[in-house]
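The next block holds one structure in the form of structure tokens; read it before the comments.
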Amino acid sequence: MITRAQFLSLLGTSISGLLLSPGKLFADRNAEALAAKLFGSNFIWGAATGAYQIEGAFNVDGKGLSIWDDFSHTKRKIKDRSDGDVSCDFYHKYREDLALLKSLNFGAFRFSIAWSRILPEGTGTINRKGIDFYNQIIDTCLELGIEPWICLYHWDLPQTLEEKGGWANREVVNWFSEYSRICTLHFGDRVKNWMVLNEPLSFTSLGYLAGIHAPGYKSINKFLASVHHAALCQSAGGRIIRENVKQANIGTTFSCSWIDVKKSKPKFHKASERLDALINRLFIEPVLGLGYPTDTLPFLKKMEKFIQPGDLEKLKFDFDFIGLQNYFRIIGKPSLIPFIRAKNDKPDYNDVQFTDMGWEVYPEGIFKILQRFAKYPVKEFMISENGAAFYDNVTGENVHDPMRVQYFQQYLSQILKAKQNGIPVNGYFAWTFIDNFEWAEGYKMRYGIVYNDIQNQKRIVKDSGLWFQSFLSQ
Ligand code: GCO
């Protein structure tokens with residue numbers, strides 16, 4: 001089985017960094033000048049999470065199973081043989097966790113709703129206890145003065161719907177619409193900030209093409225069908241939120257990477273353009289009425305069989321913001337990989353730092369990607385995820401994570417630069433609040449600004465969390 005890090009090493013970055021990591025610490029010239037107030041008083045500062053990654057309570061209080069329950073319970077799918085059954089037990093510990101988030105001076109909490117907690121069968125009967133749970137999360141946030149940001153879908157499709165074809169079945173547009181309607185009608189009185197999908201390219205490609213995430217298929221047809229259906233859900237979800245939530249602030253999130261070229265030769269440029277079309281353009285362009293980037297990526301023409309008359313119109317939606325999630329850059333070069341015929345290469349220089357995922361630390365990438373997306377007619381950007389997995393050194397009650405502190409400082413300096421250059425980037429969500437279940441990687445990859453010991457659920461605020469606490473207090 002290849003891992004997500006390895007799959008992304010084909011399209012994303014190199015895993016050779018695993019050998020170098022935990023790596024060197026580079027002096028950050030801009031960090032001293034960095035202050036939260038420079039971002040402006042309306043800038044949103046939040047921490048992001050995903051339901052399956054933190055909640056646990058996988059079969060409690062009427063919750064139905066999701067594709068991730070099924071996948072993680074299947075042998076050899078998760079690297080450390082773990083699952084999200086208990087995870088951070090956020091389901092039971094949310095009060096103290098949210099109080100902790102508040103103590104770190106964050107003003108926003110991004111969380112997702114587990115579809116099968118609300119609709120155990122995916123559609124039909126509503127599970128009242130599921131609604132109650134998210135009501136409590138929302139109310140606790142509001143009591144604490146934290147703005148709740150809901151993401152409707154962070155990869156945990158109800159298993160019953162997967163058994164009917166999942167994202168590859170066009171019916172998913174109706175299923176997702178029903179689910180979105182229920183969420184907006186129950187939570188829209190108090191929640192104004194909504195994100196429709198989390199990284200549609202990731203869950204369609206990793207889940208239906210690479211087979212390394214749930215539901216584990218390796219099928220180009222299922223992948224292309226699920227891309228089109230996810231794109232339809234993206235805009236349908238936006239319309240439903242608009243209809244049901246007064247004064248809603250509506251967005252959706254995309255994984256994106258700055259793409260460099262390995263060599264300045266035409267075939268390298270072409271390879272990088274193909275990667276850019278797949279990674280950066282595939283989901284935003286249909287929203288803007290530009291259709292799919294078929295000219296650059298001819299294999300997308302195979303998607304035509306899933307497209308019905310009128311669909312291109314339905315793919316459009318006027319989002320209030322676009323959430324960009326950035327983790328690494330890509331250095332494109334031609335390859336024999338089917339369809340995409342391009343892959344990522346290693347950076348040329350030696351003093352490169354990599355995260356434990358093997359992802360290159362390249363802070364300028366977030367500036368460049370903001371510049372690249374700012375060419376689109378987008379009203380506002382949020383950095384809806386950014387963060388790093390590094391080995392944590394626990395000493396008693398402390399967790400020293402200098403590389404993560406520096407990572408945040410460097411990336412934030414670049415976001416500030418983008419803002420100062422007039423790019424409308426108005427929020428930042430650190431990935432992630434508490435160390436949690438990192439999909440097929442299990443618990444080994446720690447991204448949290450709060451450490452969690454899954455044996456005893458003991459939280460320790462890491463130095464990076466303390467850094468945010470002080471940074472956000474100024
Ligand atoms: C994603 C997800 C998160 C991940 C994070 C780190 O972008 O893959 O939104 O769930 O945990 O990106 O890999």
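Chains: A, B, ... in order of the structure tokens. Residues: from 1 per chain. Ligands: from 1, in order shown.
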**OP:** Identify all residues of stretch 199-398 of chain A in strand (DSSP E or B) (DSSP on the backbone) and supply them as a PyMOL selection string.
**Re:** chain A and resi 249-256+259-261+321-326+330-334+342-344+354+360+381-386+393-395+398
Original post:
Residues within 9 Å of ligand 1 (only C-alpha atoms and all ligand atoms), as a PyMOL selection string?
Top reply: chain A and resi 4-5+48-50+52-53+154-155+198-199+202-203+253-255+325-327+357+384-389+431-432+436-439+445+447
Original post:
Which one of A:Ile434, A:Ile220, A:Leu206, A:Ile240 sits closest to A:Lys458 if you count only C-alpha atoms?
Top reply: A:Ile434
**OP:** Find the residues near A:Ser66: any atom within 8 Å, counting only C-alpha atoms, skip ones fewer than 3 places away on the same chain, and give them as a PyMOL selection string.
**Re:** chain A and resi 69-70+116+156-160
**OP:** Determine, counting only C-alpha atoms, which protein, DNA and RNA residues have an atom within 10 Å of an atom of A:Thr123; residues of the same chain fewer than 4 positions away are not included. Present the result as number ranges by chain.
**Re:** A: 115-116, 118-119, 158, 160-161, 174-179
**OP:** Write out as number ranges by chain which residues come within 7 Å of stretch 373-382 of chain A when counting only C-alpha atoms, dropping same-chain ones fewer than 3 positions away.
**Re:** A: 320-324, 369-370, 423-428
Original post:
Which one is closest to A:Met195: A:Phe319, A:Ile131, A:Gly107, A:Thr296? Count only C-alpha atoms.
Top reply: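 Answer, going by the shortest atom-to-atom distance: A:Phe319.
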Original post:
Counting only C-alpha atoms, what is within 9 Å of A:Arg181, bar same-chain residues fewer than 6 positions away, as a ChimeraX atom specification?
Top reply: /A:237,240-241,244
**OP:** Determine, counting only C-alpha atoms, which protein, DNA and RNA residues have an atom within 9 Å of an atom of A:Lys222; residues of the same chain fewer than 6 positions away are not included. Present the result as a PyMOL selection string.
**Re:** chain A and resi 167-169+204+208-209
Original post:
Which residue, A:Phe408, A:Tyr391, A:Phe354, A:Trp258, has the smallest gap to A:Asp276 when you use only C-alpha atoms?
Top reply: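 Ranking A:Phe408, A:Tyr391, A:Phe354, A:Trp258 by distance to A:Asp276, first place goes to A:Trp258.
Atom to atom, atom CA of A:Gly211 and atom CA of A:Val352 stand 29.9 Å apart.
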